[in-house]
$ cat upload.pdb   # PDB, C-alpha atoms, pLDDT in the B column
MODEL        1
ATOM      1  CA  GLY A   1      91.412 278.985  56.199  1.00 63.00           C
ATOM      2  CA  TRP A   2      93.794 276.232  57.149  1.00 69.00           C
ATOM      3  CA  LEU A   3      94.351 273.927  60.102  1.00 74.00           C
ATOM      4  CA  TRP A   4      96.881 271.497  61.478  1.00 77.00           C
ATOM      5  CA  ILE A   5      94.684 269.859  64.097  1.00 80.00           C
ATOM      6  CA  THR A   6      90.991 269.661  64.905  1.00 85.00           C
ATOM      7  CA  THR A   7      90.491 271.639  68.097  1.00 83.00           C
ATOM      8  CA  ALA A   8      87.917 273.742  69.925  1.00 83.00           C
ATOM      9  CA  ASN A   9      90.579 276.458  70.273  1.00 80.00           C
ATOM     10  CA  ALA A  10      91.179 277.564  66.674  1.00 80.00           C
ATOM     11  CA  ARG A  11      94.106 279.771  67.712  1.00 81.00           C
ATOM     12  CA  GLN A  12      96.226 276.646  68.109  1.00 81.00           C
ATOM     13  CA  ASN A  13      96.269 276.391  64.315  1.00 82.00           C
ATOM     14  CA  TYR A  14      97.542 279.863  63.473  1.00 86.00           C
ATOM     15  CA  SER A  15      99.377 281.171  66.530  1.00 87.00           C
ATOM     16  CA  GLY A  16     103.010 280.493  67.493  1.00 86.00           C
ATOM     17  CA  THR A  17     104.311 276.938  67.730  1.00 86.00           C
ATOM     18  CA  GLY A  18     107.359 277.510  69.956  1.00 87.00           C
ATOM     19  CA  GLN A  19     105.946 275.557  72.894  1.00 88.00           C
ATOM     20  CA  GLU A  20     104.943 272.641  70.678  1.00 86.00           C
ATOM     21  CA  TRP A  21     108.390 272.371  69.091  1.00 87.00           C
ATOM     22  CA  LEU A  22     109.883 272.153  72.582  1.00 88.00           C
ATOM     23  CA  LEU A  23     107.465 269.414  73.593  1.00 91.00           C
ATOM     24  CA  ALA A  24     107.820 267.321  70.429  1.00 91.00           C
ATOM     25  CA  PRO A  25     111.328 265.919  71.151  1.00 93.00           C
ATOM     26  CA  ILE A  26     110.307 265.158  74.752  1.00 94.00           C
ATOM     27  CA  LEU A  27     107.412 263.037  73.481  1.00 93.00           C
ATOM     28  CA  LEU A  28     109.661 261.410  70.897  1.00 94.00           C
ATOM     29  CA  LEU A  29     112.451 260.472  73.316  1.00 95.00           C
ATOM     30  CA  THR A  30     110.438 259.550  76.416  1.00 94.00           C
ATOM     31  CA  LYS A  31     107.287 258.072  74.792  1.00 94.00           C
ATOM     32  CA  THR A  32     105.203 259.680  77.560  1.00 94.00           C
ATOM     33  CA  ASP A  33     103.599 263.011  78.374  1.00 93.00           C
ATOM     34  CA  ARG A  34     104.744 262.970  82.006  1.00 94.00           C
ATOM     35  CA  PHE A  35     107.774 265.165  81.291  1.00 95.00           C
ATOM     36  CA  LEU A  36     106.052 267.854  79.236  1.00 94.00           C
ATOM     37  CA  PHE A  37     106.185 270.194  82.242  1.00 94.00           C
ATOM     38  CA  LEU A  38     109.992 270.409  82.096  1.00 94.00           C
ATOM     39  CA  PRO A  39     110.341 273.519  79.843  1.00 94.00           C
ATOM     40  CA  ASN A  40     108.063 275.506  82.151  1.00 95.00           C
ATOM     41  CA  PHE A  41     109.736 274.084  85.246  1.00 96.00           C
ATOM     42  CA  PHE A  42     113.233 275.116  84.150  1.00 95.00           C
ATOM     43  CA  CYS A  43     111.973 278.567  83.133  1.00 95.00           C
ATOM     44  CA  PHE A  44     110.450 278.970  86.593  1.00 96.00           C
ATOM     45  CA  VAL A  45     113.675 277.883  88.293  1.00 96.00           C
ATOM     46  CA  LEU A  46     115.683 280.419  86.265  1.00 96.00           C
ATOM     47  CA  LEU A  47     113.166 283.240  86.696  1.00 95.00           C
ATOM     48  CA  PRO A  48     114.659 284.697  89.930  1.00 96.00           C
ATOM     49  CA  SER A  49     118.137 285.064  88.440  1.00 94.00           C
ATOM     50  CA  VAL A  50     116.754 286.665  85.271  1.00 95.00           C
ATOM     51  CA  LEU A  51     114.690 289.121  87.324  1.00 95.00           C
ATOM     52  CA  PHE A  52     117.687 289.984  89.512  1.00 94.00           C
ATOM     53  CA  ARG A  53     119.827 290.751  86.493  1.00 92.00           C
ATOM     54  CA  LEU A  54     117.027 292.786  84.913  1.00 92.00           C
ATOM     55  CA  PHE A  55     116.380 294.874  88.037  1.00 92.00           C
ATOM     56  CA  ARG A  56     120.074 295.547  88.546  1.00 90.00           C
ATOM     57  CA  GLY A  57     120.401 296.552  84.910  1.00 86.00           C
ATOM     58  CA  LEU A  58     117.529 299.006  85.360  1.00 86.00           C
ATOM     59  CA  GLY A  59     119.385 300.637  88.264  1.00 87.00           C
ATOM     60  CA  CYS A  60     117.688 299.018  91.269  1.00 89.00           C
ATOM     61  CA  SER A  61     119.730 298.428  94.403  1.00 90.00           C
ATOM     62  CA  GLY A  62     120.980 294.940  95.149  1.00 90.00           C
ATOM     63  CA  ARG A  63     118.671 294.678  98.155  1.00 93.00           C
ATOM     64  CA  ALA A  64     115.567 295.628  96.174  1.00 94.00           C
ATOM     65  CA  ALA A  65     116.544 293.301  93.330  1.00 93.00           C
ATOM     66  CA  ARG A  66     117.077 290.382  95.730  1.00 94.00           C
ATOM     67  CA  THR A  67     113.682 290.960  97.324  1.00 95.00           C
ATOM     68  CA  TRP A  68     111.637 291.231  94.134  1.00 94.00           C
ATOM     69  CA  MET A  69     113.444 288.393  92.359  1.00 95.00           C
ATOM     70  CA  TRP A  70     111.778 286.044  94.867  1.00 95.00           C
ATOM     71  CA  LEU A  71     108.389 287.786  95.118  1.00 94.00           C
ATOM     72  CA  LEU A  72     107.445 288.172  91.448  1.00 92.00           C
ATOM     73  CA  PRO A  73     107.851 284.475  90.460  1.00 93.00           C
ATOM     74  CA  PHE A  74     105.136 283.678  93.015  1.00 90.00           C
ATOM     75  CA  ALA A  75     102.522 285.528  90.980  1.00 87.00           C
ATOM     76  CA  PRO A  76      99.753 282.943  90.376  1.00 86.00           C
ATOM     77  CA  VAL A  77     100.075 282.931  86.578  1.00 84.00           C
ATOM     78  CA  TYR A  78     103.732 281.877  86.844  1.00 88.00           C
ATOM     79  CA  LEU A  79     103.589 279.698  89.948  1.00 91.00           C
ATOM     80  CA  LEU A  80     100.621 277.649  88.749  1.00 92.00           C
ATOM     81  CA  GLN A  81     102.179 277.099  85.312  1.00 93.00           C
ATOM     82  CA  ALA A  82     105.542 275.924  86.678  1.00 93.00           C
ATOM     83  CA  GLY A  83     104.277 272.350  86.681  1.00 92.00           C
ATOM     84  CA  GLY A  84     102.056 272.521  83.606  1.00 91.00           C
ATOM     85  CA  ILE A  85     102.208 272.954  79.833  1.00 90.00           C
ATOM     86  CA  ALA A  86     100.563 276.382  79.397  1.00 89.00           C
ATOM     87  CA  ASN A  87     102.670 278.850  77.419  1.00 90.00           C
ATOM     88  CA  ASP A  88     102.355 282.135  79.362  1.00 91.00           C
ATOM     89  CA  LEU A  89     105.332 281.378  81.609  1.00 93.00           C
ATOM     90  CA  LEU A  90     107.531 280.377  78.677  1.00 93.00           C
ATOM     91  CA  GLY A  91     106.823 283.574  76.743  1.00 93.00           C
ATOM     92  CA  ALA A  92     107.297 285.746  79.829  1.00 94.00           C
ATOM     93  CA  PHE A  93     110.632 284.105  80.617  1.00 95.00           C
ATOM     94  CA  TRP A  94     112.058 284.681  77.131  1.00 96.00           C
ATOM     95  CA  PHE A  95     110.854 288.287  77.152  1.00 96.00           C
ATOM     96  CA  LEU A  96     112.404 289.032  80.547  1.00 95.00           C
ATOM     97  CA  ALA A  97     115.602 287.291  79.447  1.00 95.00           C
ATOM     98  CA  SER A  98     115.716 289.446  76.308  1.00 94.00           C
ATOM     99  CA  LEU A  99     115.621 292.598  78.446  1.00 93.00           C
ATOM    100  CA  ALA A 100     118.120 291.253  80.964  1.00 92.00           C
ATOM    101  CA  LEU A 101     120.645 290.409  78.241  1.00 90.00           C
ATOM    102  CA  LEU A 102     120.753 293.979  76.934  1.00 87.00           C
ATOM    103  CA  PRO A 103     123.324 296.386  78.428  1.00 79.00           C
ATOM    104  CA  GLY A 104     122.092 297.946  81.672  1.00 72.00           C
ATOM    105  CA  ARG A 105     123.141 300.699  84.035  1.00 68.00           C
ATOM    106  CA  LEU A 106     124.708 298.547  86.748  1.00 60.00           C
ATOM    107  CA  ILE A 107     125.637 295.317  84.932  1.00 59.00           C
ATOM    108  CA  LEU A 108     128.347 295.524  82.285  1.00 59.00           C
ATOM    109  CA  GLY A 109     128.085 292.041  80.804  1.00 69.00           C
ATOM    110  CA  SER A 110     125.533 291.674  78.041  1.00 78.00           C
ATOM    111  CA  SER A 111     124.652 289.570  75.010  1.00 85.00           C
ATOM    112  CA  PRO A 112     122.753 291.531  72.341  1.00 85.00           C
ATOM    113  CA  ALA A 113     122.686 288.471  70.076  1.00 88.00           C
ATOM    114  CA  GLY A 114     121.186 286.398  72.889  1.00 91.00           C
ATOM    115  CA  SER A 115     118.674 289.157  73.540  1.00 91.00           C
ATOM    116  CA  ILE A 116     117.560 289.180  69.901  1.00 93.00           C
ATOM    117  CA  LEU A 117     117.074 285.411  69.921  1.00 94.00           C
ATOM    118  CA  ALA A 118     115.232 285.521  73.251  1.00 95.00           C
ATOM    119  CA  VAL A 119     112.690 288.108  72.127  1.00 95.00           C
ATOM    120  CA  ALA A 120     112.215 286.186  68.876  1.00 95.00           C
ATOM    121  CA  LEU A 121     111.498 283.028  70.874  1.00 95.00           C
ATOM    122  CA  ALA A 122     108.971 284.962  72.969  1.00 95.00           C
ATOM    123  CA  THR A 123     106.998 285.836  69.843  1.00 95.00           C
ATOM    124  CA  GLY A 124     107.407 282.283  68.564  1.00 94.00           C
ATOM    125  CA  VAL A 125     105.529 280.959  71.591  1.00 93.00           C
ATOM    126  CA  LYS A 126     102.332 282.808  70.662  1.00 89.00           C
ATOM    127  CA  ALA A 127     101.324 285.739  68.485  1.00 89.00           C
ATOM    128  CA  SER A 128      99.934 287.856  71.343  1.00 88.00           C
ATOM    129  CA  ASN A 129     103.513 288.291  72.588  1.00 92.00           C
ATOM    130  CA  LEU A 130     104.226 290.490  69.558  1.00 92.00           C
ATOM    131  CA  VAL A 131     103.224 293.555  71.605  1.00 89.00           C
ATOM    132  CA  LEU A 132     106.247 292.881  73.832  1.00 92.00           C
ATOM    133  CA  LEU A 133     108.503 293.847  70.939  1.00 93.00           C
ATOM    134  CA  LEU A 134     107.840 297.535  71.634  1.00 92.00           C
ATOM    135  CA  PRO A 135     109.420 297.782  75.130  1.00 91.00           C
ATOM    136  CA  TRP A 136     112.269 295.544  73.978  1.00 93.00           C
ATOM    137  CA  LEU A 137     112.885 297.734  70.924  1.00 91.00           C
ATOM    138  CA  VAL A 138     112.933 300.890  73.064  1.00 90.00           C
ATOM    139  CA  LYS A 139     115.566 299.410  75.383  1.00 87.00           C
ATOM    140  CA  PHE A 140     117.539 298.007  72.445  1.00 86.00           C
ATOM    141  CA  LEU A 141     117.641 301.339  70.613  1.00 84.00           C
ATOM    142  CA  CYS A 142     118.555 303.262  73.769  1.00 81.00           C
ATOM    143  CA  GLY A 143     121.515 300.942  74.267  1.00 75.00           C
ATOM    144  CA  ALA A 144     122.444 301.080  70.593  1.00 71.00           C
ATOM    145  CA  PHE A 145     122.685 304.871  70.633  1.00 70.00           C
ATOM    146  CA  ARG A 146     125.033 304.685  73.601  1.00 70.00           C
ATOM    147  CA  ARG A 147     127.084 301.778  72.263  1.00 68.00           C
ATOM    148  CA  ASN A 148     127.562 301.296  68.550  1.00 66.00           C
ATOM    149  CA  SER A 149     128.784 297.728  69.164  1.00 65.00           C
ATOM    150  CA  LEU A 150     125.201 296.748  70.031  1.00 66.00           C
ATOM    151  CA  TRP A 151     124.274 296.747  66.346  1.00 71.00           C
ATOM    152  CA  ARG A 152     127.036 294.403  65.211  1.00 75.00           C
ATOM    153  CA  PRO A 153     125.456 291.023  66.115  1.00 74.00           C
ATOM    154  CA  ALA A 154     122.050 291.990  64.704  1.00 76.00           C
ATOM    155  CA  PRO A 155     122.655 291.091  61.017  1.00 82.00           C
ATOM    156  CA  ALA A 156     124.276 287.753  61.859  1.00 86.00           C
ATOM    157  CA  THR A 157     121.539 286.832  64.349  1.00 89.00           C
ATOM    158  CA  ALA A 158     118.594 287.994  62.229  1.00 89.00           C
ATOM    159  CA  PRO A 159     118.158 284.824  60.072  1.00 92.00           C
ATOM    160  CA  LEU A 160     118.035 282.487  63.078  1.00 93.00           C
ATOM    161  CA  ALA A 161     115.817 284.916  64.981  1.00 94.00           C
ATOM    162  CA  PHE A 162     113.432 284.965  62.008  1.00 94.00           C
ATOM    163  CA  LEU A 163     113.164 281.168  62.006  1.00 94.00           C
ATOM    164  CA  VAL A 164     112.409 280.846  65.745  1.00 93.00           C
ATOM    165  CA  SER A 165     110.004 283.783  65.830  1.00 94.00           C
ATOM    166  CA  PHE A 166     106.341 284.049  64.860  1.00 94.00           C
ATOM    167  CA  ALA A 167     107.375 285.215  61.366  1.00 95.00           C
ATOM    168  CA  PRO A 168     107.292 281.796  59.575  1.00 93.00           C
ATOM    169  CA  VAL A 169     103.796 281.089  60.895  1.00 93.00           C
ATOM    170  CA  ALA A 170     102.716 284.608  59.919  1.00 93.00           C
ATOM    171  CA  CYS A 171     103.936 283.978  56.358  1.00 94.00           C
ATOM    172  CA  LEU A 172     101.999 280.714  56.203  1.00 92.00           C
ATOM    173  CA  ASN A 173      98.923 282.442  57.615  1.00 92.00           C
ATOM    174  CA  GLN A 174      99.158 285.120  54.951  1.00 93.00           C
ATOM    175  CA  ARG A 175      99.471 282.506  52.225  1.00 91.00           C
ATOM    176  CA  HIS A 176      96.591 280.303  53.356  1.00 90.00           C
ATOM    177  CA  THR A 177      94.145 282.844  54.809  1.00 90.00           C
ATOM    178  CA  GLY A 178      95.115 286.172  53.263  1.00 91.00           C
ATOM    179  CA  ASP A 179      95.828 287.605  56.715  1.00 91.00           C
ATOM    180  CA  TRP A 180      99.116 287.420  58.640  1.00 91.00           C
ATOM    181  CA  SER A 181      97.267 286.658  61.877  1.00 89.00           C
ATOM    182  CA  GLY A 182      95.494 283.632  60.409  1.00 88.00           C
ATOM    183  CA  ASP A 183      92.140 284.999  61.559  1.00 88.00           C
ATOM    184  CA  PRO A 184      90.839 287.333  58.810  1.00 89.00           C
ATOM    185  CA  LEU A 185      87.291 287.356  60.225  1.00 87.00           C
ATOM    186  CA  ASN A 186      88.527 288.090  63.785  1.00 85.00           C
ATOM    187  CA  GLU A 187      86.618 285.106  65.160  1.00 81.00           C
ATOM    188  CA  GLY A 188      89.015 284.952  68.091  1.00 79.00           C
ATOM    189  CA  GLY A 189      88.340 288.569  69.029  1.00 78.00           C
ATOM    190  CA  MET A 190      92.066 289.367  69.151  1.00 80.00           C
ATOM    191  CA  LYS A 191      91.852 292.452  66.891  1.00 82.00           C
ATOM    192  CA  THR A 192      90.377 295.819  67.772  1.00 84.00           C
ATOM    193  CA  GLU A 193      88.477 298.318  65.703  1.00 83.00           C
ATOM    194  CA  SER A 194      89.345 301.147  68.108  1.00 88.00           C
ATOM    195  CA  PRO A 195      92.982 301.155  69.260  1.00 87.00           C
ATOM    196  CA  THR A 196      92.363 304.194  71.480  1.00 91.00           C
ATOM    197  CA  LEU A 197      89.578 302.522  73.441  1.00 92.00           C
ATOM    198  CA  THR A 198      91.561 299.300  73.648  1.00 89.00           C
ATOM    199  CA  LEU A 199      94.594 301.134  75.027  1.00 90.00           C
ATOM    200  CA  ALA A 200      92.443 302.888  77.620  1.00 94.00           C
ATOM    201  CA  GLY A 201      90.741 299.639  78.600  1.00 92.00           C
ATOM    202  CA  ASN A 202      94.015 297.740  78.913  1.00 89.00           C
ATOM    203  CA  ALA A 203      95.496 300.565  80.996  1.00 92.00           C
ATOM    204  CA  ALA A 204      92.516 300.359  83.375  1.00 95.00           C
ATOM    205  CA  LEU A 205      92.894 296.565  83.593  1.00 93.00           C
ATOM    206  CA  VAL A 206      96.607 296.840  84.390  1.00 90.00           C
ATOM    207  CA  LEU A 207      95.870 299.441  87.067  1.00 92.00           C
ATOM    208  CA  THR A 208      93.116 297.431  88.758  1.00 93.00           C
ATOM    209  CA  ALA A 209      95.096 294.175  88.540  1.00 86.00           C
ATOM    210  CA  SER A 210      98.110 295.856  90.120  1.00 83.00           C
ATOM    211  CA  PHE A 211      96.079 296.638  93.202  1.00 87.00           C
TER
ENDMDL
END

$ encode --input "upload.pdb" --output "structure tokens"
Amino acid sequence: GWLWITTANARQNYSGTGQEWLLAPILLLTKTDRFLFLPNFFCFVLLPSVLFRLFRGLGCSGRAARTWMWLLPFAPVYLLQAGGIANDLLGAFWFLASLALLPGRLILGSSPAGSILAVALATGVKASNLVLLLPWLVKFLCGAFRRNSLWRPAPATAPLAFLVSFAPVACLNQRHTGDWSGDPLNEGGMKTESPTLTLAGNAALVLTASF
């Protein structure tokens, strides 16, 4: 095993460090922890515009997009973290931004390079965001098949995306623990022995939470 800090939450030692790297310069420049909420605060402020762009890109009407861009940010997990230092809001913002920056049905402007960096940052916040790569990849590939130009920024953006993603921490985890997750014994309970049951259970949780 390996550790950076002594903590009751061992995942802080082998999960993503994106949030911490954002907070470090704030501590360095201000010499106080009173401004550590700023990354989450700015993500919350920008969330409505990102959601509007995403909904319009998915084909929603302007009226529906304007309504839901204000409703969804008031979900408790986002609203309560807007003034704190938890990392769920930060990861969600980068993921939604990565989808919004890909070409959509009703919005012509896009930034594939920005989308690649945004989804990399989402995984860099914490390792559990890696599952979000699947919906992003589906949307990216669908756009790439329609527009060949979508592939062009990928090679140039890949090195920077690698550095800001979870990949460097995963490499260090593999080196020091023999497992890319950093938790070879699954002490955190983040791995499953039955993907089918886990998928069914998560689907039931999503369904019940939605109601």

$ atom_distance --input "upload.pdb" --atom1 "CA of Val169 in chain A" --atom2 "CA of Gly182 in chain A"
8.7 Å

$ closest_residue --input "upload.pdb" --among "A:Phe55, A:Trp4, A:Tyr14, A:Phe140" --to "Phe166 in chain A" --atoms "all atoms listed in the file"
A:Tyr14

$ axis_aligned_box --input "upload.pdb" --around "range 65-73 of chain A" --padding-each-side "6 Å" --output "lines of an AutoDock Vina configuration file"
center_x = 112.3
center_y = 288.9
center_z = 93.9
size_x = 21.6
size_y = 20.8
size_z = 18.9

$ resolve_selection --input "upload.pdb" --expression "the PyMOL selection byres ((chain A and resi 41) around 12)" --output "list in words"
Phe35, Leu36, Phe37, Leu38, Pro39, Asn40, Phe42, Cys43, Phe44, Val45, Leu46, Leu47, Pro73, Tyr78, Leu79, Leu80, Gln81, Ala82, Gly83, Gly84, Ile85, Ala86, Asn87, Leu89, Leu90 and Phe93 of chain A

$ resolve_selection --input "upload.pdb" --expression "the PyMOL selection byres ((chain A and resi 69) around 6)" --output "list in words"
Pro48, Leu51, Phe52, Ala65, Arg66, Thr67, Trp68, Trp70 and Leu71 of chain A

$ write_last_selection --input "upload.pdb" --atoms "C-alpha atoms" --output "PDB file, in the coordinates of the input"
ATOM      1  CA  PRO A  48     114.659 284.697  89.930  1.00 96.00           C
ATOM      2  CA  LEU A  51     114.690 289.121  87.324  1.00 95.00           C
ATOM      3  CA  PHE A  52     117.687 289.984  89.512  1.00 94.00           C
ATOM      4  CA  ALA A  65     116.544 293.301  93.330  1.00 93.00           C
ATOM      5  CA  ARG A  66     117.077 290.382  95.730  1.00 94.00           C
ATOM      6  CA  THR A  67     113.682 290.960  97.324  1.00 95.00           C
ATOM      7  CA  TRP A  68     111.637 291.231  94.134  1.00 94.00           C
ATOM      8  CA  TRP A  70     111.778 286.044  94.867  1.00 95.00           C
ATOM      9  CA  LEU A  71     108.389 287.786  95.118  1.00 94.00           C
TER      10      LEU A  71
END

$ atom_distance --input "upload.pdb" --atom1 "CA of Leu141 in chain A" --atom2 "CA of Val50 in chain A"
20.8 Å

$ atom_distance --input "upload.pdb" --atom1 "CA of Pro159 in chain A" --atom2 "CA of Leu133 in chain A"
17.1 Å

$ residues_around --input "upload.pdb" --residues "Ala100 in chain A" --least-positions-apart "6" --cutoff "12 Å" --atoms "all atoms listed in the file" --output "VMD selection string"
chain A and resid 47 to 59 93 to 94 106 to 112 114 to 116 118 to 119 136 139 to 140

$ closest_residue --input "upload.pdb" --among "A:Val138, A:Cys60, A:Leu102, A:Leu172" --to "Asn13 in chain A" --atoms "only C-alpha atoms"
A:Leu172
